[in-house]
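What follows is the content of final37.cif (mmCIF, C-alpha atoms).
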data_work
loop_
_atom_site.label_atom_id
_atom_site.label_comp_id
_atom_site.auth_asym_id
_atom_site.auth_seq_id
_atom_site.Cartn_x
_atom_site.Cartn_y
_atom_site.Cartn_z
CA MET P 856 -209.32 139.64 40.72
CA GLU P 857 -205.78 140.37 39.53
CA PHE P 858 -206.96 142.56 36.64
CA LEU P 859 -209.51 144.36 38.84
CA ARG P 860 -206.72 145.15 41.33
CA LEU P 861 -204.70 146.59 38.43
CA ALA P 862 -207.76 148.65 37.46
CA LEU P 863 -207.88 149.97 41.04
CA ASP P 864 -204.23 151.02 40.65
CA GLU P 865 -205.29 152.95 37.55
CA ALA P 866 -208.20 154.59 39.40
CA ARG P 867 -205.80 155.84 42.09
CA LYS P 868 -203.97 157.86 39.38
CA CYS P 869 -207.08 160.01 38.83
CA THR P 870 -207.19 163.64 39.75
CA PRO P 871 -210.20 163.81 42.09
CA SER P 872 -213.19 165.83 40.95
CA PRO P 873 -216.23 167.03 42.91
CA THR P 874 -218.47 166.20 39.94
CA ALA P 875 -217.11 162.84 38.75
CA PHE P 876 -215.89 159.47 39.95
CA CYS P 877 -212.30 158.18 39.84
CA VAL P 878 -212.51 154.96 37.84
CA GLY P 879 -209.83 152.61 36.52
CA CYS P 880 -209.98 150.12 33.68
CA VAL P 881 -207.87 147.30 32.26
CA LEU P 882 -208.53 145.83 28.82
CA THR P 883 -207.27 142.28 28.27
CA ALA P 884 -207.50 139.84 25.39
CA ALA P 885 -206.78 136.17 24.79
CA TYR P 886 -206.00 135.87 21.09
CA PRO P 887 -205.94 133.26 19.73
CA PRO P 888 -208.77 132.26 22.08
CA ASP P 889 -206.90 129.34 23.70
CA SER P 890 -204.01 131.57 24.82
CA GLN P 891 -203.49 133.34 28.15
CA PRO P 892 -204.96 136.84 28.41
CA VAL P 893 -202.58 139.77 28.09
CA ILE P 894 -203.12 143.40 28.96
CA VAL P 895 -203.89 145.39 25.83
CA SER P 896 -204.30 148.78 27.52
CA ARG P 897 -205.23 150.55 30.74
CA GLY P 898 -207.09 153.75 31.43
CA TYR P 899 -208.44 155.99 34.15
CA SER P 900 -210.89 158.84 34.41
CA ARG P 901 -209.71 162.16 33.00
CA GLU P 902 -206.42 160.62 31.82
CA LEU P 903 -206.86 161.92 28.28
CA PRO P 904 -208.10 165.44 27.45
CA GLY P 905 -211.82 166.14 27.24
CA ASN P 906 -213.50 164.93 30.47
CA THR P 907 -212.79 161.33 29.50
CA HIS P 908 -213.81 158.15 31.29
CA ALA P 909 -211.63 155.13 32.12
CA GLU P 910 -213.20 152.66 29.69
CA ALA P 911 -213.19 155.12 26.79
CA ASN P 912 -209.53 155.94 27.51
CA ALA P 913 -208.49 152.27 27.58
CA LEU P 914 -210.29 151.72 24.27
CA ALA P 915 -208.74 154.84 22.72
CA LYS P 916 -205.26 153.72 23.79
CA ALA P 917 -205.88 150.21 22.42
CA ARG P 918 -206.91 151.70 19.08
CA GLN P 919 -203.60 153.63 18.96
CA LEU P 920 -201.53 150.42 19.04
CA SER P 921 -199.62 149.77 15.84
CA HIS P 922 -199.75 146.49 13.92
CA GLU P 923 -196.22 145.82 15.21
CA GLN P 924 -197.26 146.38 18.83
CA LEU P 925 -200.27 144.09 18.39
CA ALA P 926 -198.04 141.41 16.83
CA GLU P 927 -195.74 141.65 19.87
CA LEU P 928 -198.65 141.30 22.29
CA PHE P 929 -200.16 138.40 20.33
CA PRO P 930 -197.28 136.46 18.72
CA SER P 931 -199.44 133.40 17.94
CA ALA P 932 -202.31 135.33 16.40
CA PRO P 933 -203.04 134.98 12.69
CA ARG P 934 -201.72 137.77 10.50
CA PRO P 935 -202.57 140.41 9.56
CA ILE P 936 -203.67 141.41 13.06
CA ASP P 937 -205.92 144.38 13.74
CA ILE P 938 -207.38 145.89 16.90
CA ASP P 939 -211.01 145.34 15.88
CA THR P 940 -210.41 141.58 15.73
CA VAL P 941 -208.50 141.62 19.02
CA LEU P 942 -211.34 143.48 20.74
CA THR P 943 -213.81 140.71 19.84
CA HIS P 944 -211.63 138.47 22.05
CA ALA P 945 -211.30 141.07 24.81
CA ASP P 946 -212.50 141.40 28.38
CA ILE P 947 -212.78 144.74 30.12
CA TYR P 948 -212.24 145.12 33.86
CA THR P 949 -213.58 148.29 35.38
CA THR P 950 -213.71 149.43 38.99
CA MET P 951 -217.20 150.88 38.49
CA GLU P 952 -220.16 150.02 36.30
CA PRO P 953 -219.72 151.58 32.84
CA CYS P 954 -221.83 154.69 32.43
CA SER P 955 -225.04 154.60 30.43
CA VAL P 956 -225.60 158.37 30.49
CA ARG P 957 -223.12 161.27 30.28
CA THR P 958 -224.13 164.66 31.66
CA SER P 959 -221.36 166.13 29.45
CA GLY P 960 -223.06 164.96 26.28
CA LEU P 961 -220.18 162.61 25.39
CA ALA P 962 -220.92 159.02 24.38
CA PRO P 963 -221.54 156.65 27.30
CA CYS P 964 -218.89 154.01 28.02
CA ALA P 965 -221.44 151.19 27.77
CA ASP P 966 -222.05 152.23 24.14
CA ALA P 967 -218.30 152.22 23.41
CA ILE P 968 -217.91 148.73 24.88
CA ILE P 969 -220.83 147.46 22.81
CA ALA P 970 -219.52 149.11 19.63
CA ALA P 971 -216.09 147.51 20.19
CA ARG P 972 -217.80 144.08 20.38
CA ILE P 973 -216.09 143.25 23.67
CA LYS P 974 -217.42 139.93 24.94
CA ARG P 975 -217.22 140.30 28.73
CA CYS P 976 -217.24 143.12 31.26
CA PHE P 977 -216.02 142.53 34.82
CA ILE P 978 -217.27 145.17 37.27
CA GLY P 979 -216.00 146.00 40.76
CA VAL P 980 -219.00 148.01 42.00
CA GLY P 981 -222.26 149.41 40.66
CA GLU P 982 -222.36 153.14 39.99
CA PRO P 983 -224.19 154.88 42.84
CA ASP P 984 -226.81 157.49 41.96
CA ASP P 985 -224.53 160.40 42.99
CA PHE P 986 -224.82 162.07 39.57
CA VAL P 987 -227.11 160.05 37.30
CA LYS P 988 -229.11 156.83 37.37
CA CYS P 989 -226.75 154.34 35.76
CA GLU P 990 -228.02 151.41 33.73
CA GLY P 991 -224.72 150.49 32.09
CA ALA P 992 -224.68 146.85 33.18
CA GLN P 993 -228.21 146.29 31.90
CA LYS P 994 -227.42 148.06 28.64
CA LEU P 995 -224.41 145.76 28.17
CA LYS P 996 -226.46 142.63 28.95
CA ASP P 997 -229.19 143.72 26.55
CA ALA P 998 -226.54 143.99 23.81
CA GLY P 999 -225.18 140.49 24.48
CA VAL P 1000 -222.13 141.43 26.56
CA GLU P 1001 -221.60 139.04 29.47
CA VAL P 1002 -221.52 141.11 32.69
CA ILE P 1003 -219.67 139.65 35.67
CA TRP P 1004 -219.89 141.36 39.05
CA LEU P 1005 -216.67 140.68 40.97
CA ASN P 1006 -217.30 140.34 44.69
CA GLY P 1007 -214.85 141.34 47.40
CA LEU P 1008 -213.52 144.75 46.37
CA GLU P 1009 -216.77 146.77 46.27
CA LYS P 1010 -215.90 148.92 49.31
CA GLU P 1011 -212.41 149.70 48.01
CA CYS P 1012 -213.70 150.44 44.49
CA LEU P 1013 -216.27 152.88 45.90
CA GLU P 1014 -213.77 154.57 48.24
CA VAL P 1015 -211.33 155.14 45.38
CA ALA P 1016 -214.17 156.31 43.11
CA ARG P 1017 -215.11 159.00 45.61
CA MET P 1018 -211.55 160.14 46.38
CA GLY P 1019 -211.23 163.78 47.37
CA ARG P 1020 -214.87 164.56 47.94
CA GLU P 1021 -217.60 164.19 50.52
CA HIS P 1022 -220.18 161.50 49.99
#
Starting from the file, give its structure as structure tokens.
Amino acid sequence: MEFLRLALDEARKCTPSPTAFCVGCVLTAAYPPDSQPVIVSRGYSRELPGNTHAEANALAKARQLSHEQLAELFPSAPRPIDIDTVLTHADIYTTMEPCSVRTSGLAPCADAIIAARIKRCFIGVGEPDDFVKCEGAQKLKDAGVEVIWLNGLEKECLEVARMGREH
């Protein structure tokens, strides 16, 4: 729950929008696999230019890490270290189910998570049908990503997601 709470902190940084949710995301990795997970990056909706989503932003920020930064985060990892390898040992924590459809035409977050070969996705709440019918969790499962629904913060995740607009 600790990483989901951190993702909620990220979601609260969002500028509310009448046409989009405020979502937060934390990307962690345990590499080598027997080590404790560390935070690789964080993201929130609309943080980066271009109508961006939390998960895509966290992944983009992770991909911007230098080899030196990765070596600092993962001192016991075999060298050379690269983000693609780290991501295969990563978990993603998101306050809302990753999108499976984008009305903007941008790539869905579920596709980005699958492409990054992330092994597990922890979700705070399912995406309500406010804008589109979301099938992100099923899409992830179908691609072999383990989906874990975290119970206990659903109401808070949904309230933050809908900040600044009527529901």
> What residues come out when you apply the PyMOL selection byres ((chain P and resi 977-983) around 9) to this file, written as JSON, numbers by chain?
Replying inline: {"P": [859, 946, 947, 948, 949, 950, 951, 952, 953, 954, 975, 976, 984, 985, 986, 987, 988, 989, 990, 991, 992, 1001, 1002, 1003, 1004, 1005, 1006, 1007, 1008, 1009, 1010, 1011, 1012, 1013]}
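The neighbours of segment 961-968 of chain P here are the residues that come within 7 Å of it, using only C-alpha atoms and leaving out any residue fewer than 4 positions away in the same chain; they are Glu910, Ala911, Pro953, Cys954, Ser955, Val956, Arg957, Arg972, Ile973, Gly991, Lys994 and Leu995 of chain P.
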> So what does the PyMOL selection byres ((chain P and resi 885-890) around 8) actually pick up in this one, as a PyMOL selection string?
Replying inline: chain P and resi 883-884+891-893+929+931-933+941+944-945
>> Can you spell out as number ranges by chain the set of residues that the PyMOL selection byres ((chain P and resi 938) around 12) selects in the structure I just provided?
In response: P: 882-884, 886, 895-896, 914-926, 928-929, 932, 934-937, 939-945, 971-973
>> My list of candidates is P:Ala1016, P:Val1000, P:Ala875, P:Ile894. Which is closest to Thr907 of chain P when distances are computed with only C-alpha atoms?
In response: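 So, comparing all the options, the nearest one is P:Ala875.
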> When distances are computed from all atoms listed in the file, which of P:Thr870, P:Cys877, P:Gly999, P:Leu903 shows the smallest separation from Arg1017 of chain P?
Replying inline: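 Of the candidates, the smallest distance to Arg1017 of chain P is held by P:Cys877.
Relative to atom CA of Met1018 of chain P, atom CA of Pro873 of chain P is found at 9.0 Å.
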> If you measure from atom CA of Ala909 of chain P to atom CA of Pro871 of chain P, what distance in Å do you get, rounded to one decimal?
Replying inline: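 Going from atom CA of Ala909 of chain P over to atom CA of Pro871 of chain P, I get 13.3 Å.
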> P:Gln993, P:Gly1019, P:Gly898, P:Pro930: which is nearest Thr874 of chain P, counting all atoms listed in the file?
Replying inline: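 Residue with the minimum atom-to-atom distance to Thr874 of chain P: P:Gly1019.
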>> Under the rule that all atoms listed in the file are counted, which of P:Ile969, P:Phe876, P:Glu927, P:Lys868 is the nearest residue to Glu902 of chain P?
In response: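 Between P:Ile969, P:Phe876, P:Glu927, P:Lys868, the residue approaching Glu902 of chain P most closely is P:Lys868.
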>> Considering only C-alpha atoms, can you say which of P:Ala913, P:Glu1014, P:Val881, P:Pro904 comes closest to Arg867 of chain P?
In response: P:Glu1014
> Which one of P:Lys974, P:Gly879, P:Lys996, P:Arg897 sits closest to Ala866 of chain P if you count all atoms listed in the file?
Replying inline: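 Of P:Lys974, P:Gly879, P:Lys996, P:Arg897, the one nearest Ala866 of chain P, counting all atoms listed in the file, is P:Gly879.
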>> What's the separation between atom CA of Asn912 of chain P and atom CA of Leu861 of chain P, in Å to one decimal place?
In response: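 It comes out at 15.2 Å.
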Could segment 856-876 of chain P be completed with N, CA, C and O atoms and returned as an mmCIF file, keeping the file's coordinate frame?
data_model
loop_
_atom_site.group_PDB
_atom_site.id
_atom_site.type_symbol
_atom_site.label_atom_id
_atom_site.label_comp_id
_atom_site.auth_asym_id
_atom_site.auth_seq_id
_atom_site.Cartn_x
_atom_site.Cartn_y
_atom_site.Cartn_z
ATOM 1 N N MET P 856 -209.467 138.474 39.858
ATOM 2 C CA MET P 856 -209.320 139.640 40.720
ATOM 3 C C MET P 856 -208.044 140.417 40.401
ATOM 4 O O MET P 856 -207.971 141.598 40.675
ATOM 5 N N GLU P 857 -207.059 139.716 39.827
ATOM 6 C CA GLU P 857 -205.780 140.370 39.530
ATOM 7 C C GLU P 857 -205.988 141.597 38.627
ATOM 8 O O GLU P 857 -205.449 142.676 38.894
ATOM 9 N N PHE P 858 -206.774 141.442 37.573
ATOM 10 C CA PHE P 858 -206.960 142.560 36.640
ATOM 11 C C PHE P 858 -207.800 143.672 37.266
ATOM 12 O O PHE P 858 -207.589 144.844 36.964
ATOM 13 N N LEU P 859 -208.737 143.320 38.152
ATOM 14 C CA LEU P 859 -209.510 144.360 38.840
ATOM 15 C C LEU P 859 -208.603 145.126 39.801
ATOM 16 O O LEU P 859 -208.725 146.346 39.922
ATOM 17 N N ARG P 860 -207.675 144.445 40.448
ATOM 18 C CA ARG P 860 -206.720 145.150 41.330
ATOM 19 C C ARG P 860 -205.857 146.116 40.508
ATOM 20 O O ARG P 860 -205.558 147.219 40.947
ATOM 21 N N LEU P 861 -205.466 145.689 39.317
ATOM 22 C CA LEU P 861 -204.700 146.590 38.430
ATOM 23 C C LEU P 861 -205.559 147.787 38.012
ATOM 24 O O LEU P 861 -205.055 148.905 37.902
ATOM 25 N N ALA P 862 -206.849 147.545 37.793
ATOM 26 C CA ALA P 862 -207.760 148.650 37.460
ATOM 27 C C ALA P 862 -207.864 149.620 38.636
ATOM 28 O O ALA P 862 -207.927 150.839 38.437
ATOM 29 N N LEU P 863 -207.871 149.098 39.856
ATOM 30 C CA LEU P 863 -207.880 149.970 41.040
ATOM 31 C C LEU P 863 -206.616 150.829 41.086
ATOM 32 O O LEU P 863 -206.674 152.010 41.440
ATOM 33 N N ASP P 864 -205.476 150.244 40.720
ATOM 34 C CA ASP P 864 -204.230 151.020 40.650
ATOM 35 C C ASP P 864 -204.376 152.174 39.658
ATOM 36 O O ASP P 864 -203.882 153.281 39.889
ATOM 37 N N GLU P 865 -205.046 151.896 38.535
ATOM 38 C CA GLU P 865 -205.290 152.950 37.550
ATOM 39 C C GLU P 865 -206.191 154.042 38.136
ATOM 40 O O GLU P 865 -205.932 155.229 37.980
ATOM 41 N N ALA P 866 -207.250 153.631 38.830
ATOM 42 C CA ALA P 866 -208.200 154.590 39.400
ATOM 43 C C ALA P 866 -207.503 155.533 40.383
ATOM 44 O O ALA P 866 -207.842 156.717 40.472
ATOM 45 N N ARG P 867 -206.524 155.015 41.108
ATOM 46 C CA ARG P 867 -205.800 155.840 42.090
ATOM 47 C C ARG P 867 -204.959 156.936 41.422
ATOM 48 O O ARG P 867 -204.528 157.866 42.076
ATOM 49 N N LYS P 868 -204.723 156.837 40.121
ATOM 50 C CA LYS P 868 -203.970 157.860 39.380
ATOM 51 C C LYS P 868 -204.836 159.072 39.046
ATOM 52 O O LYS P 868 -204.323 160.101 38.626
ATOM 53 N N CYS P 869 -206.146 158.945 39.198
ATOM 54 C CA CYS P 869 -207.080 160.010 38.830
ATOM 55 C C CYS P 869 -206.872 161.262 39.660
ATOM 56 O O CYS P 869 -206.608 161.190 40.857
ATOM 57 N N THR P 870 -207.077 162.381 39.026
ATOM 58 C CA THR P 870 -207.190 163.640 39.750
ATOM 59 C C THR P 870 -208.629 163.709 40.243
ATOM 60 O O THR P 870 -209.560 163.673 39.433
ATOM 61 N N PRO P 871 -208.827 163.770 41.573
ATOM 62 C CA PRO P 871 -210.200 163.810 42.090
ATOM 63 C C PRO P 871 -210.981 165.004 41.562
ATOM 64 O O PRO P 871 -210.420 166.060 41.277
ATOM 65 N N SER P 872 -212.292 164.798 41.436
ATOM 66 C CA SER P 872 -213.190 165.830 40.950
ATOM 67 C C SER P 872 -214.456 165.816 41.797
ATOM 68 O O SER P 872 -214.954 164.746 42.130
ATOM 69 N N PRO P 873 -214.991 167.007 42.124
ATOM 70 C CA PRO P 873 -216.230 167.030 42.910
ATOM 71 C C PRO P 873 -217.449 166.582 42.102
ATOM 72 O O PRO P 873 -218.489 166.295 42.669
ATOM 73 N N THR P 874 -217.314 166.506 40.791
ATOM 74 C CA THR P 874 -218.470 166.200 39.940
ATOM 75 C C THR P 874 -218.322 164.899 39.146
ATOM 76 O O THR P 874 -219.084 164.662 38.212
ATOM 77 N N ALA P 875 -217.314 164.078 39.503
ATOM 78 C CA ALA P 875 -217.110 162.840 38.750
ATOM 79 C C ALA P 875 -216.388 161.814 39.615
ATOM 80 O O ALA P 875 -215.687 162.163 40.558
ATOM 81 N N PHE P 876 -216.549 160.560 39.244
ATOM 82 C CA PHE P 876 -215.890 159.470 39.950
ATOM 83 C C PHE P 876 -214.474 159.268 39.423
ATOM 84 O O PHE P 876 -214.154 159.649 38.302
#
